[in-house]
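Have a look at input_26.cif; it's mmCIF, C-alpha atoms:
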data_my_file
loop_
_atom_site.group_PDB
_atom_site.id
_atom_site.type_symbol
_atom_site.label_atom_id
_atom_site.label_comp_id
_atom_site.auth_asym_id
_atom_site.auth_seq_id
_atom_site.Cartn_x
_atom_site.Cartn_y
_atom_site.Cartn_z
ATOM 1 C CA LYS Q 1 132.570 78.360 147.032
ATOM 2 C CA ILE Q 2 129.816 78.712 149.578
ATOM 3 C CA VAL Q 3 126.959 79.148 147.091
ATOM 4 C CA ASN Q 4 127.195 77.471 143.695
ATOM 5 C CA ASP Q 5 125.193 77.855 140.497
ATOM 6 C CA VAL Q 6 123.065 74.712 140.316
ATOM 7 C CA SER Q 7 120.767 75.747 137.499
ATOM 8 C CA GLY Q 8 121.740 72.602 135.562
ATOM 9 C CA TYR Q 9 121.340 70.219 138.520
ATOM 10 C CA ASP Q 10 118.580 67.654 138.874
ATOM 11 C CA LYS Q 11 115.886 68.911 141.273
ATOM 12 C CA THR Q 12 116.805 66.252 143.833
ATOM 13 C CA THR Q 13 120.349 67.632 144.190
ATOM 14 C CA LEU Q 14 119.685 71.365 144.386
ATOM 15 C CA TYR Q 15 120.959 71.377 147.980
ATOM 16 C CA GLY Q 16 124.394 71.230 146.322
ATOM 17 C CA ALA Q 17 124.020 74.995 145.892
ATOM 18 C CA PHE Q 18 125.257 75.400 149.456
ATOM 19 C CA ALA Q 19 128.700 74.630 150.844
ATOM 20 C CA GLY Q 20 129.847 72.987 147.628
ATOM 21 C CA GLY Q 21 127.588 69.987 148.092
ATOM 22 C CA ASP Q 22 128.547 66.884 150.030
ATOM 23 C CA GLN Q 23 132.273 67.229 150.585
ATOM 24 C CA PRO Q 24 134.173 64.959 152.987
ATOM 25 C CA TYR Q 25 135.943 68.049 154.382
ATOM 26 C CA ALA Q 26 135.964 71.738 153.534
ATOM 27 C CA TYR Q 27 136.421 75.120 155.173
ATOM 28 C CA ALA Q 28 135.855 78.807 154.609
ATOM 29 C CA HIS Q 29 137.798 81.808 155.874
ATOM 30 C CA ASN Q 30 135.907 85.048 156.431
ATOM 31 C CA LYS Q 31 138.608 87.688 155.939
ATOM 32 C CA LYS Q 32 136.268 90.399 157.247
ATOM 33 C CA LEU Q 33 136.637 88.968 160.757
ATOM 34 C CA ASP Q 34 139.833 88.975 162.775
ATOM 35 C CA ASP Q 35 138.702 87.454 166.051
ATOM 36 C CA ASN Q 36 140.069 83.910 165.614
ATOM 37 C CA SER Q 37 136.541 82.479 166.026
ATOM 38 C CA ARG Q 38 136.269 78.942 164.707
ATOM 39 C CA CYS Q 39 133.566 76.320 164.452
ATOM 40 C CA LEU Q 40 133.373 72.791 163.158
ATOM 41 C CA VAL Q 41 130.135 71.540 161.616
ATOM 42 C CA ILE Q 42 129.500 67.807 161.698
ATOM 43 C CA LYS Q 43 126.814 67.281 159.071
ATOM 44 C CA ASP Q 44 124.984 65.345 156.440
ATOM 45 C CA SER Q 45 123.712 67.033 153.252
ATOM 46 C CA PHE Q 46 121.009 68.891 155.189
ATOM 47 C CA GLY Q 47 123.752 70.817 156.996
ATOM 48 C CA ASN Q 48 124.870 72.388 153.712
ATOM 49 C CA ALA Q 49 122.226 75.119 153.839
ATOM 50 C CA PHE Q 50 123.260 76.156 157.362
ATOM 51 C CA ILE Q 51 126.938 76.698 156.545
ATOM 52 C CA PRO Q 52 126.546 79.937 154.530
ATOM 53 C CA TRP Q 53 124.825 81.534 157.532
ATOM 54 C CA LEU Q 54 127.765 80.629 159.781
ATOM 55 C CA ILE Q 55 130.300 82.337 157.512
ATOM 56 C CA ASP Q 56 129.200 85.787 158.709
ATOM 57 C CA HIS Q 57 129.642 84.780 162.353
ATOM 58 C CA TYR Q 58 132.989 82.950 162.428
ATOM 59 C CA GLU Q 59 136.396 83.779 161.033
ATOM 60 C CA TYR Q 60 136.866 80.093 160.164
ATOM 61 C CA VAL Q 61 134.162 77.542 159.483
ATOM 62 C CA TYR Q 62 135.212 73.927 158.990
ATOM 63 C CA TRP Q 63 132.783 71.206 158.023
ATOM 64 C CA VAL Q 64 132.812 67.460 157.529
ATOM 65 C CA ASP Q 65 130.236 65.067 156.197
ATOM 66 C CA VAL Q 66 130.274 62.027 158.461
ATOM 67 C CA ARG Q 67 129.360 59.760 155.568
ATOM 68 C CA TYR Q 68 132.600 60.521 153.733
ATOM 69 C CA THR Q 69 135.260 61.379 156.303
ATOM 70 C CA HIS Q 70 137.524 59.258 158.455
ATOM 71 C CA GLN Q 71 138.821 62.149 160.546
ATOM 72 C CA THR Q 72 137.783 62.266 164.178
ATOM 73 C CA ILE Q 73 136.166 65.256 165.807
ATOM 74 C CA SER Q 74 138.815 65.459 168.536
ATOM 75 C CA LYS Q 75 141.665 65.551 166.001
ATOM 76 C CA MET Q 76 139.937 68.256 163.950
ATOM 77 C CA VAL Q 77 139.188 70.348 167.043
ATOM 78 C CA GLU Q 78 142.808 70.078 168.149
ATOM 79 C CA LYS Q 79 144.297 70.706 164.697
ATOM 80 C CA HIS Q 80 142.177 73.797 163.950
ATOM 81 C CA HIS Q 81 141.812 75.137 167.524
ATOM 82 C CA VAL Q 82 138.032 74.946 167.253
ATOM 83 C CA LYS Q 83 135.919 76.269 170.107
ATOM 84 C CA ASP Q 84 132.400 75.427 168.853
ATOM 85 C CA VAL Q 85 131.254 72.083 167.411
ATOM 86 C CA ILE Q 86 127.851 72.086 165.731
ATOM 87 C CA PHE Q 87 125.923 68.979 164.707
ATOM 88 C CA CYS Q 88 123.550 69.613 161.814
ATOM 89 C CA PHE Q 89 121.550 66.638 160.489
ATOM 90 C CA SER Q 90 118.161 65.919 159.050
ATOM 91 C CA ILE Q 91 116.068 64.391 161.810
ATOM 92 C CA PHE Q 92 115.370 61.469 159.488
ATOM 93 C CA ASN Q 93 119.005 60.967 158.533
ATOM 94 C CA GLY Q 94 120.507 61.727 161.937
ATOM 95 C CA SER Q 95 118.433 59.095 163.660
ATOM 96 C CA THR Q 96 119.116 56.174 161.331
ATOM 97 C CA LYS Q 97 121.475 53.416 162.393
ATOM 98 C CA ASN Q 98 123.950 54.239 159.619
ATOM 99 C CA ARG Q 99 124.215 57.913 160.617
ATOM 100 C CA VAL Q 100 124.440 57.085 164.309
ATOM 101 C CA ASP Q 101 127.249 54.652 163.499
ATOM 102 C CA ASP Q 102 128.988 57.347 161.410
ATOM 103 C CA ILE Q 103 128.690 59.882 164.234
ATOM 104 C CA LEU Q 104 130.082 57.398 166.739
ATOM 105 C CA ARG Q 105 132.985 56.606 164.393
ATOM 106 C CA VAL Q 106 134.077 60.249 164.022
ATOM 107 C CA GLY Q 107 133.114 61.147 167.589
ATOM 108 C CA LYS Q 108 136.329 59.887 169.092
#

What does the file become when written as structure tokens?
Amino acid sequence: KIVNDVSGYDKTTLYGAFAGGDQPYAYAHNKKLDDNSRCLVIKDSFGNAFIPWLIDHYEYVYWVDVRYTHQTISKMVEKHHVKDVIFCFSIFNGSTKNRVDDILRVGK
């Protein structure tokens, strides 16, 4: 699911409404498109709200949360024939040492 019902969620986790929350890996297939367009989103939880917008513009949207995945970007790009890689982080989260280390780990 791209947009979930979060009416019972705590107010600090409402971002889980988008992209199924913080999943290590997920993807969506837009069956209305047949152009083989594909993107990979490397994200933290702030990237969740951007993913639903991408669904209308790509046939396949793949996304990984760097905090929870051990896959590398190069392997995912090769496996899924991805053309576009998008990094989507909170400026506060994306600039911390832990997130930079996570990005470097998957950035191989």

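CA of Ser37 in chain Q is positioned 7.8 Å from CA of Val82 in chain Q.
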
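Neighbours of Phe18 in chain Q closer than or equal to 8 Å, with only C-alpha atoms counted and sequence neighbours fewer than 5 positions away skipped, come out as Q:Ile2, Q:Val3, Q:Asn4, Q:Asn48, Q:Ala49, Q:Ile51, Q:Pro52.
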
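Here the PyMOL selection byres ((chain Q and resi 87) around 7) matches the residues Val41, Ile42, Lys43, Val85, Ile86, Cys88 and Phe89 of chain Q.
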
Please, what distance in Å, to one decimal, runs between CA of Asp65 in chain Q and CA of Arg38 in chain Q? 17.4 Å

Rank Q:Asp10, Q:Asp22, Q:Glu78, Q:Asp102 by their smallest atom-to-atom distance to Cys39 in chain Q, using all atoms listed in the file, and report the top residue only. Q:Glu78

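Of note, CA of Gly107 in chain Q and CA of Tyr62 in chain Q are spaced 15.5 Å apart.
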
List the neighbours of Gln23 in chain Q out to 10 Å using only C-alpha atoms; skip same-chain residues closer than 2 positions along the sequence, and give me the result as JSON, numbers by chain. {"Q": [16, 19, 20, 21, 25, 26, 44, 45, 48, 63, 64, 65, 66, 67, 68, 69]}

Distance query 10 Å from (136.6, 79.0, 161.8) using only C-alpha atoms, result as a PyMOL selection string: chain Q and resi 27-30+35-41+54-55+57-63+80-84

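When the PyMOL selection byres ((chain Q and resi 106) around 7) is evaluated on the file shown here, the picked residues come out as Val66, His70, Gln71, Thr72, Ile73, Asp102, Ile103, Leu104, Arg105, Gly107 and Lys108 of chain Q.
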
Output C-alpha atoms for every residue in that selection, as a short mmCIF file (atom, residue, chain, number, x, y, z; two decimals), in the frame of the given file.
data_model
loop_
_atom_site.label_atom_id
_atom_site.label_comp_id
_atom_site.auth_asym_id
_atom_site.auth_seq_id
_atom_site.Cartn_x
_atom_site.Cartn_y
_atom_site.Cartn_z
CA VAL Q 66 130.27 62.03 158.46
CA HIS Q 70 137.52 59.26 158.46
CA GLN Q 71 138.82 62.15 160.55
CA THR Q 72 137.78 62.27 164.18
CA ILE Q 73 136.17 65.26 165.81
CA ASP Q 102 128.99 57.35 161.41
CA ILE Q 103 128.69 59.88 164.23
CA LEU Q 104 130.08 57.40 166.74
CA ARG Q 105 132.99 56.61 164.39
CA GLY Q 107 133.11 61.15 167.59
CA LYS Q 108 136.33 59.89 169.09
#

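With all atoms listed in the file as the atoms that count, the residue of Q:Val6, Q:Thr13, Q:Asp56, Q:Val100 with the shortest distance to Lys32 in chain Q is Q:Asp56.
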